[in-house]
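Engineer: Here it is, the structure, as C-alpha coordinates.
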Amino acid sequence: MQHWEGVSEFVAVSETGSFTAGAKRLGISTAQISRQVGALERRLDTKLLYRTTRKVSLTEEGNLYYRHCRQVLDALEEAERAISSLKNTPQGLLKLTAPVAYGEKYILPLVNDFMLRYPSVEMEVQLTNKQINLIDGGIDLAIRIGKLADSSLMAKRISQRTNFVCASPDYLKTYGEPHTLSELSQHNCLIGNYDYWRFIDQGRERQVKVRGSLRCNTGHGLRDAALKGLGIAQLPNYYINQDIHAGRLIPLLKAYQEPHEGVWALYPQNRHLSPKVRLMVEYLEARLP
(Lines give C-alpha, C1' and ligand atoms only; values in the text may rest on other atoms or scores of the structure.)
Protein backbone atom coordinates (compact mmCIF):
# COMPACT_ATOMS: atom_id res chain seq x y z
CA MET A 1 0.00 0.00 0.00
CA GLN A 2 2.92 2.33 0.74
CA HIS A 3 3.91 2.27 -2.95
CA TRP A 4 0.70 4.15 -3.87
CA GLU A 5 1.04 6.88 -1.27
CA GLY A 6 1.70 10.24 -2.89
CA VAL A 7 1.47 8.97 -6.48
CA SER A 8 -1.90 10.52 -7.32
CA GLU A 9 -0.84 13.74 -5.65
CA PHE A 10 2.46 13.83 -7.55
CA VAL A 11 0.71 13.24 -10.90
CA ALA A 12 -1.86 15.96 -10.16
CA VAL A 13 0.87 18.51 -9.36
CA SER A 14 2.87 17.47 -12.44
CA GLU A 15 -0.10 17.92 -14.78
CA THR A 16 -1.46 21.16 -13.32
CA GLY A 17 1.88 22.83 -12.66
CA SER A 18 1.15 23.84 -9.07
CA PHE A 19 0.32 22.39 -5.68
CA THR A 20 -2.77 24.59 -5.39
CA ALA A 21 -4.24 23.47 -8.72
CA GLY A 22 -3.34 19.86 -8.01
CA ALA A 23 -5.05 20.02 -4.64
CA LYS A 24 -8.14 21.55 -6.23
CA ARG A 25 -8.30 18.74 -8.77
CA LEU A 26 -8.13 16.07 -6.06
CA GLY A 27 -10.40 17.91 -3.63
CA ILE A 28 -7.83 18.06 -0.83
CA SER A 29 -5.86 20.83 0.86
CA THR A 30 -2.65 22.29 -0.53
CA ALA A 31 -0.87 21.41 2.69
CA GLN A 32 -1.97 17.78 2.39
CA ILE A 33 -0.80 17.39 -1.20
CA SER A 34 2.53 19.05 -0.31
CA ARG A 35 3.05 16.60 2.57
CA GLN A 36 2.24 13.58 0.39
CA VAL A 37 4.61 14.64 -2.41
CA GLY A 38 7.34 15.47 0.08
CA ALA A 39 6.94 12.04 1.70
CA LEU A 40 7.11 10.39 -1.73
CA GLU A 41 10.39 12.18 -2.54
CA ARG A 42 11.87 11.14 0.79
CA ARG A 43 10.80 7.54 0.26
CA LEU A 44 12.36 7.49 -3.20
CA ASP A 45 15.35 9.53 -1.97
CA THR A 46 14.97 11.57 -5.18
CA LYS A 47 14.00 15.14 -5.95
CA LEU A 48 11.02 14.93 -8.33
CA LEU A 49 10.00 18.59 -8.59
CA TYR A 50 11.65 21.98 -8.87
CA ARG A 51 9.72 24.45 -6.72
CA THR A 52 9.71 28.22 -7.22
CA THR A 53 7.33 30.93 -6.06
CA ARG A 54 5.80 31.06 -9.54
CA LYS A 55 5.60 27.48 -10.76
CA VAL A 56 6.47 23.86 -10.22
CA SER A 57 8.34 21.83 -12.85
CA LEU A 58 9.62 18.29 -13.15
CA THR A 59 13.21 17.26 -12.64
CA GLU A 60 14.68 14.72 -15.05
CA GLU A 61 13.99 11.96 -12.53
CA GLY A 62 10.53 13.39 -11.91
CA ASN A 63 9.69 13.34 -15.61
CA LEU A 64 10.69 9.68 -15.85
CA TYR A 65 8.72 8.76 -12.74
CA TYR A 66 5.68 10.75 -13.96
CA ARG A 67 5.50 8.84 -17.25
CA HIS A 68 5.46 5.50 -15.46
CA CYS A 69 2.95 6.71 -12.85
CA ARG A 70 0.64 8.08 -15.55
CA GLN A 71 0.61 4.70 -17.27
CA VAL A 72 -0.22 2.94 -14.01
CA LEU A 73 -3.04 5.36 -13.17
CA ASP A 74 -4.42 5.14 -16.71
CA ALA A 75 -4.47 1.35 -16.43
CA LEU A 76 -6.22 1.55 -13.07
CA GLU A 77 -8.83 3.98 -14.44
CA GLU A 78 -9.33 1.73 -17.45
CA ALA A 79 -9.91 -1.23 -15.15
CA GLU A 80 -12.51 0.71 -13.18
CA ARG A 81 -14.19 1.85 -16.41
CA ALA A 82 -14.29 -1.74 -17.62
CA ILE A 83 -16.15 -2.78 -14.47
CA SER A 84 -18.51 0.18 -14.85
CA SER A 85 -19.12 -0.67 -18.50
CA LEU A 86 -20.01 -4.23 -17.54
CA LYS A 87 -22.81 -2.83 -15.45
CA ASN A 88 -23.89 -0.84 -18.54
CA THR A 89 -25.11 1.93 -16.25
CA PRO A 90 -23.40 5.32 -16.00
CA GLN A 91 -22.67 6.30 -12.43
CA GLY A 92 -20.63 8.66 -10.31
CA LEU A 93 -19.98 12.39 -10.48
CA LEU A 94 -19.95 14.16 -13.86
CA LYS A 95 -18.67 17.75 -13.91
CA LEU A 96 -19.98 19.88 -16.77
CA THR A 97 -19.59 23.53 -17.75
CA ALA A 98 -21.57 25.53 -20.33
CA PRO A 99 -22.25 29.16 -21.34
CA VAL A 100 -24.77 30.88 -19.10
CA ALA A 101 -27.69 31.69 -21.42
CA TYR A 102 -27.41 28.60 -23.62
CA GLY A 103 -26.89 26.45 -20.54
CA GLU A 104 -29.97 27.81 -18.79
CA LYS A 105 -32.23 27.40 -21.81
CA TYR A 106 -31.03 24.12 -23.28
CA ILE A 107 -28.34 22.28 -21.31
CA LEU A 108 -29.75 22.31 -17.77
CA PRO A 109 -33.21 20.92 -18.71
CA LEU A 110 -31.51 18.07 -20.58
CA VAL A 111 -29.13 17.46 -17.67
CA ASN A 112 -32.12 17.13 -15.37
CA ASP A 113 -33.80 14.70 -17.77
CA PHE A 114 -30.55 12.73 -18.01
CA MET A 115 -30.41 12.38 -14.21
CA LEU A 116 -33.98 11.09 -14.13
CA ARG A 117 -33.02 8.49 -16.72
CA TYR A 118 -29.75 7.55 -14.99
CA PRO A 119 -30.29 8.01 -11.22
CA SER A 120 -26.81 6.69 -10.37
CA VAL A 121 -25.22 9.77 -11.96
CA GLU A 122 -24.46 12.88 -9.89
CA MET A 123 -24.02 16.18 -11.72
CA GLU A 124 -22.00 19.29 -10.91
CA VAL A 125 -22.86 22.01 -13.43
CA GLN A 126 -21.07 25.36 -13.68
CA LEU A 127 -22.60 27.92 -16.03
CA THR A 128 -20.06 30.57 -16.99
CA ASN A 129 -18.98 32.46 -20.08
CA LYS A 130 -15.34 32.14 -19.01
CA GLN A 131 -13.16 29.55 -20.74
CA ILE A 132 -12.41 27.22 -17.84
CA ASN A 133 -9.35 24.99 -18.13
CA LEU A 134 -10.86 21.50 -18.05
CA ILE A 135 -7.73 19.78 -16.74
CA ASP A 136 -7.04 22.24 -13.93
CA GLY A 137 -10.71 22.38 -12.97
CA GLY A 138 -11.26 18.64 -13.08
CA ILE A 139 -14.08 19.17 -15.59
CA ASP A 140 -15.28 16.11 -17.51
CA LEU A 141 -17.26 17.88 -20.23
CA ALA A 142 -17.56 21.43 -21.56
CA ILE A 143 -20.12 22.88 -23.95
CA ARG A 144 -18.65 25.63 -26.12
CA ILE A 145 -20.12 27.71 -28.95
CA GLY A 146 -18.46 29.11 -32.07
CA LYS A 147 -14.83 28.88 -33.11
CA LEU A 148 -12.67 26.75 -30.88
CA ALA A 149 -9.18 27.70 -29.77
CA ASP A 150 -6.42 25.25 -30.63
CA SER A 151 -6.01 22.85 -27.73
CA SER A 152 -5.36 19.26 -26.79
CA LEU A 153 -9.07 18.72 -26.08
CA MET A 154 -11.27 16.39 -28.11
CA ALA A 155 -14.26 18.13 -29.71
CA LYS A 156 -17.54 16.83 -31.11
CA ARG A 157 -20.09 19.04 -32.83
CA ILE A 158 -23.47 18.36 -31.21
CA SER A 159 -25.62 21.24 -32.49
CA GLN A 160 -25.47 24.68 -34.08
CA ARG A 161 -26.70 28.25 -33.66
CA THR A 162 -27.27 31.26 -35.92
CA ASN A 163 -26.84 34.95 -35.14
CA PHE A 164 -29.57 37.30 -36.38
CA VAL A 165 -29.51 41.07 -36.75
CA CYS A 166 -32.99 42.24 -35.88
CA ALA A 167 -35.18 45.17 -34.81
CA SER A 168 -38.79 45.77 -33.85
CA PRO A 169 -41.39 46.94 -36.39
CA ASP A 170 -41.76 50.20 -34.44
CA TYR A 171 -38.04 50.97 -34.69
CA LEU A 172 -37.99 50.25 -38.42
CA LYS A 173 -41.10 52.36 -38.96
CA THR A 174 -39.37 55.32 -37.29
CA TYR A 175 -35.78 54.96 -38.52
CA GLY A 176 -36.01 52.77 -41.60
CA GLU A 177 -34.29 49.47 -42.44
CA PRO A 178 -30.55 49.15 -43.21
CA HIS A 179 -29.86 47.27 -46.45
CA THR A 180 -26.04 47.38 -46.45
CA LEU A 181 -23.42 47.00 -43.75
CA SER A 182 -22.29 50.61 -44.14
CA GLU A 183 -25.79 51.80 -43.22
CA LEU A 184 -25.41 50.38 -39.70
CA SER A 185 -23.44 53.50 -38.78
CA GLN A 186 -26.67 55.49 -39.19
CA HIS A 187 -28.53 53.36 -36.61
CA ASN A 188 -28.56 52.87 -32.87
CA CYS A 189 -26.96 49.46 -32.37
CA LEU A 190 -27.51 47.63 -29.09
CA ILE A 191 -24.08 46.32 -28.10
CA GLY A 192 -23.22 43.16 -26.18
CA ASN A 193 -19.77 42.03 -25.04
CA TYR A 194 -18.07 43.29 -28.20
CA ASP A 195 -18.42 46.56 -30.11
CA TYR A 196 -18.34 44.81 -33.47
CA TRP A 197 -20.71 42.46 -35.29
CA ARG A 198 -19.72 39.59 -37.54
CA PHE A 199 -21.02 39.10 -41.08
CA ILE A 200 -20.20 37.32 -44.33
CA ASP A 201 -19.47 39.80 -47.12
CA GLN A 202 -18.65 38.39 -50.58
CA GLY A 203 -17.73 35.04 -49.10
CA ARG A 204 -15.43 36.41 -46.41
CA GLU A 205 -15.94 36.96 -42.71
CA ARG A 206 -16.15 40.66 -41.89
CA GLN A 207 -16.31 42.47 -38.57
CA VAL A 208 -18.26 45.75 -38.52
CA LYS A 209 -17.74 48.20 -35.64
CA VAL A 210 -21.07 49.39 -34.27
CA ARG A 211 -22.15 52.16 -31.89
CA GLY A 212 -25.22 52.79 -29.81
CA SER A 213 -26.76 54.08 -26.62
CA LEU A 214 -26.84 50.72 -24.79
CA ARG A 215 -24.14 48.24 -23.87
CA CYS A 216 -25.30 45.12 -22.06
CA ASN A 217 -23.57 41.79 -21.40
CA THR A 218 -26.77 39.73 -21.32
CA GLY A 219 -28.75 38.61 -24.34
CA HIS A 220 -32.02 38.83 -22.42
CA GLY A 221 -31.41 42.53 -21.79
CA LEU A 222 -30.55 43.19 -25.45
CA ARG A 223 -33.64 41.28 -26.58
CA ASP A 224 -35.86 43.34 -24.29
CA ALA A 225 -34.32 46.58 -25.57
CA ALA A 226 -34.85 45.51 -29.18
CA LEU A 227 -38.48 44.54 -28.49
CA LYS A 228 -39.08 47.98 -26.99
CA GLY A 229 -37.74 49.69 -30.10
CA LEU A 230 -34.53 51.09 -28.63
CA GLY A 231 -32.37 49.93 -31.54
CA ILE A 232 -30.98 47.09 -33.63
CA ALA A 233 -29.44 44.00 -32.00
CA GLN A 234 -27.43 40.99 -33.14
CA LEU A 235 -28.48 37.96 -31.11
CA PRO A 236 -28.28 34.16 -31.29
CA ASN A 237 -31.41 32.44 -32.56
CA TYR A 238 -32.24 30.84 -29.22
CA TYR A 239 -33.00 34.26 -27.71
CA ILE A 240 -35.31 35.48 -30.47
CA ASN A 241 -36.74 32.56 -32.49
CA GLN A 242 -40.22 32.98 -31.04
CA ASP A 243 -40.10 36.77 -31.47
CA ILE A 244 -39.18 36.43 -35.14
CA HIS A 245 -41.91 33.86 -35.78
CA ALA A 246 -44.45 36.09 -34.02
CA GLY A 247 -43.35 39.19 -35.94
CA ARG A 248 -42.24 41.04 -32.82
CA LEU A 249 -38.72 41.27 -34.26
CA ILE A 250 -37.77 41.52 -37.93
CA PRO A 251 -34.52 39.90 -39.22
CA LEU A 252 -32.31 42.33 -41.14
CA LEU A 253 -29.31 42.14 -43.50
CA LYS A 254 -30.04 38.50 -44.30
CA ALA A 255 -27.74 38.62 -47.33
CA TYR A 256 -24.82 39.16 -44.93
CA GLN A 257 -25.87 36.69 -42.25
CA GLU A 258 -23.17 34.50 -40.77
CA PRO A 259 -23.30 30.76 -41.44
CA HIS A 260 -24.27 28.46 -38.60
CA GLU A 261 -21.86 28.33 -35.67
CA GLY A 262 -21.06 25.00 -34.09
CA VAL A 263 -22.10 23.96 -30.60
CA TRP A 264 -19.37 21.65 -29.33
CA ALA A 265 -18.84 19.06 -26.63
CA LEU A 266 -15.22 19.17 -25.39
CA TYR A 267 -13.46 16.66 -23.18
CA PRO A 268 -9.83 15.82 -22.33
CA GLN A 269 -8.25 13.48 -24.86
CA ASN A 270 -5.96 11.77 -22.38
CA ARG A 271 -8.97 10.07 -20.81
CA HIS A 272 -10.94 7.32 -22.45
CA LEU A 273 -14.54 8.40 -22.70
CA SER A 274 -16.27 7.01 -19.62
CA PRO A 275 -19.84 5.69 -20.02
CA LYS A 276 -21.34 8.68 -18.23
CA VAL A 277 -19.53 11.23 -20.45
CA ARG A 278 -20.15 9.27 -23.64
CA LEU A 279 -23.86 8.87 -22.88
CA MET A 280 -24.22 12.54 -21.89
CA VAL A 281 -22.65 13.67 -25.19
CA GLU A 282 -24.92 11.33 -27.15
CA TYR A 283 -27.95 12.46 -25.13
CA LEU A 284 -27.28 16.15 -25.80
CA GLU A 285 -26.53 15.57 -29.48
CA ALA A 286 -29.82 13.74 -30.00
CA ARG A 287 -31.96 16.35 -28.24
CA LEU A 288 -30.44 19.80 -28.77
CA PRO A 289 -32.31 21.84 -31.39
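Here, A, B, ... name the chains of the C-alpha coordinates in the order displayed, residue numbers run from 1 inside each chain, and ligands are numbered from 1 in the same displayed order.
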Could you list, with a cut-off of 6 Å and counting only C-alpha atoms, the residues of region 185-214 of chain A near region 246-266 of chain A, each shown with its nearest atom pair and the distance in Å rounded to one decimal, rows sorted by chain and ascending number, as a Markdown table?

Structural biologist:
| residue | atom | partner | partner_atom | distance |
| --- | --- | --- | --- | --- |
| A:Phe199 | CA | A:Glu258 | CA | 5.1 |
| A:Ile200 | CA | A:Tyr256 | CA | 5.0 |
| A:Asp201 | CA | A:Tyr256 | CA | 5.8 |

Engineer: What's the 12 Å shell around Ala21 (chain A), counting only C-alpha atoms, without same-chain residues fewer than 6 positions away, as a PDB file with N, CA, C and O atoms, in the first residue's frame?

Structural biologist:
ATOM      1  N   GLU A   9      -1.138  12.348  -5.943  1.00  0.00           N
ATOM      2  CA  GLU A   9      -0.844  13.744  -5.650  1.00  0.00           C
ATOM      3  C   GLU A   9       0.294  14.262  -6.535  1.00  0.00           C
ATOM      4  O   GLU A   9       0.229  15.376  -7.074  1.00  0.00           O
ATOM      5  N   PHE A  10       1.337  13.449  -6.701  1.00  0.00           N
ATOM      6  CA  PHE A  10       2.461  13.835  -7.550  1.00  0.00           C
ATOM      7  C   PHE A  10       2.020  14.030  -9.003  1.00  0.00           C
ATOM      8  O   PHE A  10       2.400  15.008  -9.660  1.00  0.00           O
ATOM      9  N   VAL A  11       1.199  13.132  -9.512  1.00  0.00           N
ATOM     10  CA  VAL A  11       0.709  13.238 -10.895  1.00  0.00           C
ATOM     11  C   VAL A  11      -0.149  14.491 -11.053  1.00  0.00           C
ATOM     12  O   VAL A  11      -0.031  15.214 -12.049  1.00  0.00           O
ATOM     13  N   ALA A  12      -1.005  14.779 -10.074  1.00  0.00           N
ATOM     14  CA  ALA A  12      -1.864  15.959 -10.159  1.00  0.00           C
ATOM     15  C   ALA A  12      -1.034  17.247 -10.191  1.00  0.00           C
ATOM     16  O   ALA A  12      -1.316  18.157 -10.983  1.00  0.00           O
ATOM     17  N   VAL A  13      -0.006  17.325  -9.364  1.00  0.00           N
ATOM     18  CA  VAL A  13       0.868  18.508  -9.358  1.00  0.00           C
ATOM     19  C   VAL A  13       1.627  18.607 -10.675  1.00  0.00           C
ATOM     20  O   VAL A  13       1.767  19.693 -11.261  1.00  0.00           O
ATOM     21  N   SER A  14       2.109  17.481 -11.191  1.00  0.00           N
ATOM     22  CA  SER A  14       2.870  17.474 -12.441  1.00  0.00           C
ATOM     23  C   SER A  14       2.022  17.971 -13.602  1.00  0.00           C
ATOM     24  O   SER A  14       2.505  18.708 -14.473  1.00  0.00           O
ATOM     25  N   GLU A  15       0.750  17.581 -13.646  1.00  0.00           N
ATOM     26  CA  GLU A  15      -0.103  17.920 -14.780  1.00  0.00           C
ATOM     27  C   GLU A  15      -0.705  19.316 -14.680  1.00  0.00           C
ATOM     28  O   GLU A  15      -1.011  19.932 -15.702  1.00  0.00           O
ATOM     29  N   GLY A  27      -9.465  17.596  -4.699  1.00  0.00           N
ATOM     30  CA  GLY A  27     -10.397  17.907  -3.626  1.00  0.00           C
ATOM     31  C   GLY A  27      -9.786  17.791  -2.244  1.00  0.00           C
ATOM     32  O   GLY A  27     -10.480  17.422  -1.280  1.00  0.00           O
ATOM     33  N   ILE A  28      -8.489  18.098  -2.123  1.00  0.00           N
ATOM     34  CA  ILE A  28      -7.825  18.060  -0.826  1.00  0.00           C
ATOM     35  C   ILE A  28      -7.133  19.400  -0.605  1.00  0.00           C
ATOM     36  O   ILE A  28      -7.128  20.267  -1.473  1.00  0.00           O
ATOM     37  N   SER A  29      -6.521  19.566   0.553  1.00  0.00           N
ATOM     38  CA  SER A  29      -5.862  20.834   0.861  1.00  0.00           C
ATOM     39  C   SER A  29      -4.477  20.889   0.226  1.00  0.00           C
ATOM     40  O   SER A  29      -3.848  19.855  -0.045  1.00  0.00           O
ATOM     41  N   THR A  30      -3.994  22.105   0.012  1.00  0.00           N
ATOM     42  CA  THR A  30      -2.654  22.290  -0.533  1.00  0.00           C
ATOM     43  C   THR A  30      -1.601  21.736   0.421  1.00  0.00           C
ATOM     44  O   THR A  30      -0.605  21.139  -0.007  1.00  0.00           O
ATOM     45  N   ILE A  33      -1.471  17.869   0.026  1.00  0.00           N
ATOM     46  CA  ILE A  33      -0.803  17.392  -1.198  1.00  0.00           C
ATOM     47  C   ILE A  33       0.699  17.641  -1.111  1.00  0.00           C
ATOM     48  O   ILE A  33       1.504  16.846  -1.595  1.00  0.00           O
ATOM     49  N   SER A  34       1.105  18.755  -0.473  1.00  0.00           N
ATOM     50  CA  SER A  34       2.526  19.045  -0.310  1.00  0.00           C
ATOM     51  C   SER A  34       3.185  18.001   0.585  1.00  0.00           C
ATOM     52  O   SER A  34       4.297  17.535   0.304  1.00  0.00           O
ATOM     53  N   LYS A  55       6.072  28.701 -10.138  1.00  0.00           N
ATOM     54  CA  LYS A  55       5.603  27.477 -10.760  1.00  0.00           C
ATOM     55  C   LYS A  55       6.362  26.277 -10.219  1.00  0.00           C
ATOM     56  O   LYS A  55       7.362  26.404  -9.511  1.00  0.00           O
ATOM     57  N   VAL A  56       5.847  25.124 -10.573  1.00  0.00           N
ATOM     58  CA  VAL A  56       6.467  23.857 -10.219  1.00  0.00           C
ATOM     59  C   VAL A  56       6.765  23.122 -11.516  1.00  0.00           C
ATOM     60  O   VAL A  56       5.930  23.070 -12.413  1.00  0.00           O
ATOM     61  N   ASN A 133     -10.283  26.047 -17.777  1.00  0.00           N
ATOM     62  CA  ASN A 133      -9.349  24.992 -18.128  1.00  0.00           C
ATOM     63  C   ASN A 133      -9.884  23.672 -17.579  1.00  0.00           C
ATOM     64  O   ASN A 133      -9.997  23.494 -16.366  1.00  0.00           O
ATOM     65  N   LEU A 134     -10.213  22.741 -18.475  1.00  0.00           N
ATOM     66  CA  LEU A 134     -10.857  21.505 -18.051  1.00  0.00           C
ATOM     67  C   LEU A 134      -9.941  20.659 -17.161  1.00  0.00           C
ATOM     68  O   LEU A 134     -10.406  20.075 -16.182  1.00  0.00           O
ATOM     69  N   ILE A 135      -8.647  20.615 -17.504  1.00  0.00           N
ATOM     70  CA  ILE A 135      -7.730  19.775 -16.743  1.00  0.00           C
ATOM     71  C   ILE A 135      -7.554  20.324 -15.338  1.00  0.00           C
ATOM     72  O   ILE A 135      -7.707  19.603 -14.346  1.00  0.00           O
ATOM     73  N   ASP A 136      -7.255  21.632 -15.245  1.00  0.00           N
ATOM     74  CA  ASP A 136      -7.044  22.238 -13.928  1.00  0.00           C
ATOM     75  C   ASP A 136      -8.306  22.183 -13.077  1.00  0.00           C
ATOM     76  O   ASP A 136      -8.245  22.014 -11.859  1.00  0.00           O
ATOM     77  N   GLY A 137      -9.457  22.356 -13.720  1.00  0.00           N
ATOM     78  CA  GLY A 137     -10.711  22.381 -12.974  1.00  0.00           C
ATOM     79  C   GLY A 137     -11.322  21.029 -12.732  1.00  0.00           C
ATOM     80  O   GLY A 137     -12.364  20.922 -12.078  1.00  0.00           O
ATOM     81  N   GLY A 138     -10.696  19.973 -13.255  1.00  0.00           N
ATOM     82  CA  GLY A 138     -11.257  18.638 -13.082  1.00  0.00           C
ATOM     83  C   GLY A 138     -12.598  18.475 -13.769  1.00  0.00           C
ATOM     84  O   GLY A 138     -13.454  17.700 -13.317  1.00  0.00           O
TER      85      GLY A 138
END

Engineer: For Asn112 (chain A), find every residue with an atom within 12 Å (counting only C-alpha atoms), except residues of its own chain fewer than 6 positions away, and show them as a list in words.

Structural biologist: Gly103, Glu104, Tyr106, Tyr118, Pro119, Val121, Glu122, Met123, Glu124, Val125, Met280, Tyr283 and Leu284 of chain A

Engineer: Between CA of Ala75 (chain A) and CA of Asn63 (chain A), what is the distance, to one decimal in Å?

Structural biologist: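 Separating CA of Ala75 (chain A) from CA of Asn63 (chain A) is a distance of 18.6 Å.
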
Engineer: When DSSP is applied to the backbone of this structure, which of region 27-168 of chain A are assigned strand (DSSP E or B)? Write them out as a ChimeraX atom specification.

Structural biologist: /A:49-51,56-58,92-98,121-127,141-145,153-161,163-167

Engineer: For Tyr238 (chain A), which of A:Gly192, A:Pro268, A:Gly221, A:Pro289 is the closest residue, counting only C-alpha atoms?

Structural biologist: A:Pro289
